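**Q** Quick one: structure below, then a few questions.
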Amino acid sequence: MPGRRDDLTRLRAALTAFFALDGFVFAGWVVRIPAVKEQTGASASALGLALLGVSAGAVVTMTLTGRLVRRYDSHRVTVACAVLLCLSIALPPLTHSALALGAVLLVFGSAYGGINVAFNSAAVDLVAELRRPIMPSFHAAFSLGGMVGAGLGGLVAGSLSPTQHLLALTVTGLLVTLVAGRVLLRIEPLAPAERAAEEEGPAEKEGAGRRPDRRTRRLVVTFGLIALCTAYGEGAMADWGALHLEQDLDASPGLAAAGYSCFALAMTVGRLTGTTLLERLGRTATVVAGGTTAVAGMLTGALAPSVWAALFGFAITGLGLANIFPVAIERAGALGGPSGVATASTLGYGGMLLGPPAIGFMADWFSLPAALTSVAVLAAVAVLVAVATRRATVPA
């Protein structure tokens, strides 16, 4: 029906806007981490504990958002979390201690975690409705938003204070939320992917119900573990990439900010081609190829002796990690609905929960380049998990 197709097109556009907004706001904060670190006078390990606030807030909220989505629907929860996200991004530059920074990042992380579960749940339902593996395209919008946010952040780093920059992000984000939110709230939320479940078989049918069987829960956790290994890498690049370039390779603040831009650009390109890749290779092969590429890229990025070689390694890492997280979240959502998305997202962003403090402490004990090689280790673990469970997971 033409009206139905138009609604689905508008829904896809609105969700894409929120994915892009999420990446844009998050990257705007990321590129100002060095300035906020200097402002608070925090050591590497103290900064790592403060950054833990983002991940801790996200993980705690994710465990609750699945229930909120079931009760209030994914569209309304997405809009509410977007408003909180845009307001909270202005808070970090107002702090002057690692403790205060950690507290405001807890609020920011709560909004970040909530919106990720909400719009991923809506995207999973849309994927089931369209019956095409378009999930990477939404995450491409996140990466594109991150690239733009990091690029603009690098450009204004020398002219705007962190307070002015992040306040501008608040205003921009609220304007985007106003426009995209009106569209989203006018569209009736899609029912959980029951139609897809009816076609996929018993395991998928359990995903539509409230109490999935033990096998389904194991599969959801498996996808969550894969997401954890790759989210660790994304969090490491976001939180520590600029510091590595600036402190270890003597890059200027603007060039250091380009590290995340290179990573986000490569990830965007990888995700824009993700649907085609998944249709041709299948999910397991895509995860294995991506994880192997990420291992090589991160070893180059962490251990390269020059800025340009490190930037190249960061780009290869982004290309490798591009489609692993979207595949894991989409499969978990297809199996378990909003609760599956919440479970996999909680485990996935648990990687970000472990990443900041782990890398901070390893940087103090050894060095930051050595600490960043842990990203390659976990990417290899994701490959091994995918290969070991390929016969137990949903067919590609």
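If you're wondering about the labels, chains in the structure tokens are A, B, ... by order shown, residues count from 1 in each chain, ligands from 1 in order shown.
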Could you give me, as CSV, every segment 115-206 of chain A residue with an atom at most 8 Å from segment 83-104 of chain A, plus its closest atom pair and distance in Å to one decimal, counting only C-alpha atoms, rows ordered by chain then number?

**A**
residue,atom,partner,partner_atom,distance
A:Pro162,CA,A:Pro93,CA,5.8
A:Thr163,CA,A:Pro93,CA,5.3
A:Leu166,CA,A:Ala90,CA,5.1
A:Leu167,CA,A:Ala90,CA,5.1
A:Leu169,CA,A:Cys86,CA,7.1
A:Thr170,CA,A:Cys86,CA,4.7
A:Val171,CA,A:Cys86,CA,7.6
A:Gly173,CA,A:Cys86,CA,5.5
A:Leu174,CA,A:Cys86,CA,6.2
A:Thr177,CA,A:Val83,CA,7.0

**Q** Taking N, CA, C and O atoms for each residue, export the selection above as a PDB file, in the first residue's frame.

**A**
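Now in part10.pdb:
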ATOM      1  N   PRO A 162      35.673  24.355  25.351  1.00  0.00           N
ATOM      2  CA  PRO A 162      34.802  23.183  25.462  1.00  0.00           C
ATOM      3  C   PRO A 162      33.371  23.550  25.850  1.00  0.00           C
ATOM      4  O   PRO A 162      32.413  22.947  25.356  1.00  0.00           O
ATOM      5  N   THR A 163      33.209  24.556  26.724  1.00  0.00           N
ATOM      6  CA  THR A 163      31.865  24.968  27.141  1.00  0.00           C
ATOM      7  C   THR A 163      31.070  25.494  25.952  1.00  0.00           C
ATOM      8  O   THR A 163      29.898  25.116  25.751  1.00  0.00           O
ATOM      9  N   LEU A 166      30.318  22.469  23.353  1.00  0.00           N
ATOM     10  CA  LEU A 166      29.315  21.480  23.753  1.00  0.00           C
ATOM     11  C   LEU A 166      27.937  22.113  23.945  1.00  0.00           C
ATOM     12  O   LEU A 166      26.913  21.447  23.745  1.00  0.00           O
ATOM     13  N   LEU A 167      27.886  23.386  24.290  1.00  0.00           N
ATOM     14  CA  LEU A 167      26.599  24.075  24.349  1.00  0.00           C
ATOM     15  C   LEU A 167      25.999  24.196  22.949  1.00  0.00           C
ATOM     16  O   LEU A 167      24.780  24.053  22.762  1.00  0.00           O
ATOM     17  N   LEU A 169      26.428  22.042  20.631  1.00  0.00           N
ATOM     18  CA  LEU A 169      25.903  20.703  20.346  1.00  0.00           C
ATOM     19  C   LEU A 169      24.514  20.518  20.958  1.00  0.00           C
ATOM     20  O   LEU A 169      23.648  19.878  20.357  1.00  0.00           O
ATOM     21  N   THR A 170      24.324  21.057  22.154  1.00  0.00           N
ATOM     22  CA  THR A 170      23.011  20.963  22.797  1.00  0.00           C
ATOM     23  C   THR A 170      21.938  21.623  21.944  1.00  0.00           C
ATOM     24  O   THR A 170      20.870  21.035  21.694  1.00  0.00           O
ATOM     25  N   VAL A 171      22.205  22.825  21.490  1.00  0.00           N
ATOM     26  CA  VAL A 171      21.223  23.559  20.684  1.00  0.00           C
ATOM     27  C   VAL A 171      20.950  22.821  19.372  1.00  0.00           C
ATOM     28  O   VAL A 171      19.792  22.624  18.977  1.00  0.00           O
ATOM     29  N   GLY A 173      21.419  19.637  18.675  1.00  0.00           N
ATOM     30  CA  GLY A 173      20.740  18.373  18.933  1.00  0.00           C
ATOM     31  C   GLY A 173      19.270  18.534  19.239  1.00  0.00           C
ATOM     32  O   GLY A 173      18.428  17.743  18.786  1.00  0.00           O
ATOM     33  N   LEU A 174      18.914  19.564  19.993  1.00  0.00           N
ATOM     34  CA  LEU A 174      17.495  19.794  20.303  1.00  0.00           C
ATOM     35  C   LEU A 174      16.703  20.161  19.054  1.00  0.00           C
ATOM     36  O   LEU A 174      15.527  19.770  18.912  1.00  0.00           O
ATOM     37  N   THR A 177      16.154  16.934  17.192  1.00  0.00           N
ATOM     38  CA  THR A 177      15.142  16.151  17.916  1.00  0.00           C
ATOM     39  C   THR A 177      13.743  16.688  17.668  1.00  0.00           C
ATOM     40  O   THR A 177      12.780  15.921  17.520  1.00  0.00           O
TER      41      THR A 177
END

**Q** Quick one: residues within 8 Å of Cys229 of chain A, only C-alpha atoms, excluding same-chain residues fewer than 5 positions away - as a list in words?

**A**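 My reading of the contact set: Gly348, Gly351, Val375, Leu378, Ala379, Val381 and Ala382 of chain A.
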
**Q** Give me the residues within 7 Å of segment 283-292 of chain A as a list in words, counting only C-alpha atoms and dropping any in the same chain fewer than 5 places off.

**A**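 Here the qualifying residues turn out to be Leu278, Gly320, Leu321, Ile324, Val327, Ala379, Ala380, Ala382, Val383, Ala386, Arg390 and Ala396 of chain A.
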
**Q** Save the residues we just selected, N, CA, C and O atoms, as a short mmCIF file (atom, residue, chain, number, x, y, z; two decimals), in the first residue's frame?

**A**
data_model
loop_
_atom_site.label_atom_id
_atom_site.label_comp_id
_atom_site.auth_asym_id
_atom_site.auth_seq_id
_atom_site.Cartn_x
_atom_site.Cartn_y
_atom_site.Cartn_z
N LEU A 278 26.38 -8.42 3.65
CA LEU A 278 25.64 -9.44 4.36
C LEU A 278 24.83 -10.32 3.40
O LEU A 278 24.72 -11.54 3.60
N GLY A 320 37.11 -2.82 9.73
CA GLY A 320 36.91 -4.18 10.22
C GLY A 320 35.78 -4.31 11.21
O GLY A 320 35.00 -5.27 11.17
N LEU A 321 35.66 -3.34 12.12
CA LEU A 321 34.63 -3.43 13.16
C LEU A 321 33.25 -3.00 12.66
O LEU A 321 32.26 -3.21 13.36
N ILE A 324 30.12 -5.67 12.62
CA ILE A 324 30.00 -6.72 13.63
C ILE A 324 28.94 -6.36 14.67
O ILE A 324 28.06 -7.16 14.99
N VAL A 327 25.27 -6.42 13.29
CA VAL A 327 24.82 -7.80 13.09
C VAL A 327 24.44 -8.43 14.43
O VAL A 327 23.39 -9.07 14.56
N ALA A 379 39.03 -8.29 19.43
CA ALA A 379 38.50 -8.51 18.08
C ALA A 379 38.74 -9.96 17.66
O ALA A 379 37.88 -10.60 17.03
N ALA A 380 39.90 -10.50 18.02
CA ALA A 380 40.19 -11.90 17.73
C ALA A 380 39.25 -12.83 18.50
O ALA A 380 38.81 -13.86 17.97
N ALA A 382 36.17 -12.13 19.32
CA ALA A 382 34.88 -12.07 18.63
C ALA A 382 34.86 -13.03 17.44
O ALA A 382 33.85 -13.71 17.18
N VAL A 383 35.96 -13.10 16.71
CA VAL A 383 36.06 -14.02 15.58
C VAL A 383 35.95 -15.46 16.06
O VAL A 383 35.20 -16.27 15.48
N ALA A 386 32.36 -16.30 17.07
CA ALA A 386 31.50 -16.44 15.89
C ALA A 386 31.73 -17.77 15.20
O ALA A 386 30.77 -18.45 14.79
N ARG A 390 28.92 -20.97 15.09
CA ARG A 390 28.26 -20.74 13.80
C ARG A 390 27.16 -21.76 13.51
O ARG A 390 26.18 -21.46 12.83
N ALA A 396 22.29 -17.77 8.36
CA ALA A 396 22.53 -16.48 7.70
C ALA A 396 21.58 -16.29 6.55
O ALA A 396 21.23 -15.19 6.23
#

**Q** Which residue, A:Ala264, A:Ala17, A:Leu106, A:Ala238, has the smallest gap to Ala50 of chain A when you use only C-alpha atoms?

**A** A:Leu106

**Q** Let me make sure I understand: among A:Val124, A:Leu184, A:Ala376, A:Ala35, which one has the smallest atom-to-atom distance to Ala334 of chain A if we use only C-alpha atoms?

**A**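 Nearest candidate to Ala334 of chain A out of A:Val124, A:Leu184, A:Ala376, A:Ala35: A:Val124.
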
**Q** Run DSSP on the backbone and tell me which residues of segment 63-311 of chain A come out as alpha helix (DSSP H); list them as JSON, numbers by chain.

**A** {"A": [63, 64, 65, 66, 67, 68, 69, 70, 71, 72, 74, 75, 76, 77, 78, 79, 80, 81, 82, 83, 84, 85, 86, 87, 88, 98, 99, 100, 101, 102, 103, 104, 105, 106, 107, 108, 109, 110, 111, 112, 113, 114, 115, 116, 117, 118, 119, 120, 121, 122, 123, 124, 125, 126, 127, 128, 129, 130, 135, 136, 137, 138, 139, 140, 141, 142, 143, 144, 145, 146, 147, 148, 149, 150, 151, 152, 153, 154, 155, 156, 162, 163, 164, 165, 166, 167, 168, 169, 170, 171, 172, 173, 174, 175, 176, 177, 178, 179, 180, 181, 182, 183, 184, 185, 186, 194, 195, 196, 197, 198, 199, 200, 202, 203, 204, 205, 206, 207, 208, 214, 215, 216, 217, 218, 219, 220, 221, 222, 223, 224, 225, 226, 227, 228, 229, 230, 231, 232, 233, 234, 235, 236, 237, 238, 239, 240, 241, 242, 243, 253, 254, 255, 256, 257, 258, 259, 260, 261, 262, 263, 264, 265, 266, 267, 268, 269, 270, 271, 272, 274, 275, 276, 277, 278, 279, 280, 281, 283, 284, 285, 286, 287, 288, 289, 290, 291, 292, 293, 294, 295, 296, 297, 298, 299, 300, 301, 302, 303, 307, 308, 309, 310, 311]}

**Q** Identify, on the basis of only C-alpha atoms, every residue whose closest approach to Met147 of chain A does not exceed 6 Å; exclude the query and any residue fewer than 2 positions from it along the same chain; express the result as an NGL selection string.

**A** :A and (144-145 or 149-151 or 261 or 264-265)

**Q** Generate the output file for the selected residues, N, CA and C atoms, as a short mmCIF file (atom, residue, chain, number, x, y, z; two decimals), in the first residue's frame.

**A**
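What landed in result.cif:
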data_model
loop_
_atom_site.label_atom_id
_atom_site.label_comp_id
_atom_site.auth_asym_id
_atom_site.auth_seq_id
_atom_site.Cartn_x
_atom_site.Cartn_y
_atom_site.Cartn_z
N LEU A 144 28.62 8.18 10.54
CA LEU A 144 28.72 9.43 9.78
C LEU A 144 28.55 10.63 10.71
N GLY A 145 27.59 10.51 11.63
CA GLY A 145 27.42 11.57 12.62
C GLY A 145 28.67 11.73 13.46
N GLY A 149 30.89 15.03 13.64
CA GLY A 149 31.07 15.63 14.96
C GLY A 149 32.54 15.76 15.33
N ALA A 150 33.32 14.72 15.02
CA ALA A 150 34.75 14.77 15.33
C ALA A 150 35.47 15.78 14.44
N GLY A 151 35.08 15.81 13.14
CA GLY A 151 35.71 16.74 12.23
C GLY A 151 35.45 18.19 12.61
N SER A 261 38.08 10.74 13.46
CA SER A 261 37.42 11.00 12.18
C SER A 261 37.76 9.92 11.17
N ALA A 264 35.91 6.80 12.18
CA ALA A 264 34.48 6.91 11.92
C ALA A 264 34.19 6.90 10.43
N LEU A 265 35.05 7.53 9.61
CA LEU A 265 34.85 7.53 8.16
C LEU A 265 34.93 6.12 7.61
#

**Q** Give me, as a list of chain:residue names, all polymer residues having an atom no more than 7 Å from segment 132-138 of chain A, counting only C-alpha atoms and skipping those fewer than 3 positions away in the same chain.

**A**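 Answer for this query is A:Thr16, A:Phe19, A:Ala123, A:Val127, A:Ala141, A:Phe142, A:Arg271, A:Leu272, A:Gly274, A:Thr275, A:Asn323, A:Pro326, A:Glu330.
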
**Q** Keeping N, CA and C atoms, export the residues of the selection given above as an mmCIF file, in the first residue's frame.

**A**
data_model
loop_
_atom_site.group_PDB
_atom_site.id
_atom_site.type_symbol
_atom_site.label_atom_id
_atom_site.label_comp_id
_atom_site.auth_asym_id
_atom_site.auth_seq_id
_atom_site.Cartn_x
_atom_site.Cartn_y
_atom_site.Cartn_z
ATOM 1 N N THR A 16 17.119 7.141 11.079
ATOM 2 C CA THR A 16 18.461 7.464 10.594
ATOM 3 C C THR A 16 18.949 8.770 11.195
ATOM 4 N N PHE A 19 20.012 8.115 14.810
ATOM 5 C CA PHE A 19 21.302 7.423 14.856
ATOM 6 C C PHE A 19 22.439 8.416 14.584
ATOM 7 N N ALA A 123 14.510 -0.079 15.002
ATOM 8 C CA ALA A 123 15.181 -0.475 13.757
ATOM 9 C C ALA A 123 15.042 -1.973 13.510
ATOM 10 N N VAL A 127 13.528 -3.657 10.186
ATOM 11 C CA VAL A 127 14.251 -4.668 9.403
ATOM 12 C C VAL A 127 13.348 -5.868 9.142
ATOM 13 N N ALA A 141 24.793 5.688 9.731
ATOM 14 C CA ALA A 141 24.398 7.055 10.078
ATOM 15 C C ALA A 141 25.042 7.482 11.392
ATOM 16 N N PHE A 142 25.107 6.555 12.363
ATOM 17 C CA PHE A 142 25.796 6.848 13.625
ATOM 18 C C PHE A 142 27.261 7.184 13.363
ATOM 19 N N ARG A 271 29.858 0.310 6.809
ATOM 20 C CA ARG A 271 28.451 0.068 7.110
ATOM 21 C C ARG A 271 27.529 0.424 5.946
ATOM 22 N N LEU A 272 27.928 1.405 5.142
ATOM 23 C CA LEU A 272 27.133 1.734 3.965
ATOM 24 C C LEU A 272 27.110 0.582 2.973
ATOM 25 N N GLY A 274 27.389 -2.506 4.089
ATOM 26 C CA GLY A 274 27.109 -3.670 4.921
ATOM 27 C C GLY A 274 25.967 -4.525 4.436
ATOM 28 N N THR A 275 24.893 -3.901 3.949
ATOM 29 C CA THR A 275 23.744 -4.677 3.473
ATOM 30 C C THR A 275 24.150 -5.582 2.321
ATOM 31 N N ASN A 323 30.636 -3.738 10.727
ATOM 32 C CA ASN A 323 29.351 -4.437 10.664
ATOM 33 C C ASN A 323 29.142 -5.476 11.757
ATOM 34 N N PRO A 326 26.366 -4.087 14.499
ATOM 35 C CA PRO A 326 24.999 -4.100 13.972
ATOM 36 C C PRO A 326 24.443 -5.500 13.780
ATOM 37 N N GLU A 330 21.134 -6.796 15.774
ATOM 38 C CA GLU A 330 19.970 -7.162 14.958
ATOM 39 C C GLU A 330 19.536 -8.603 15.209
#
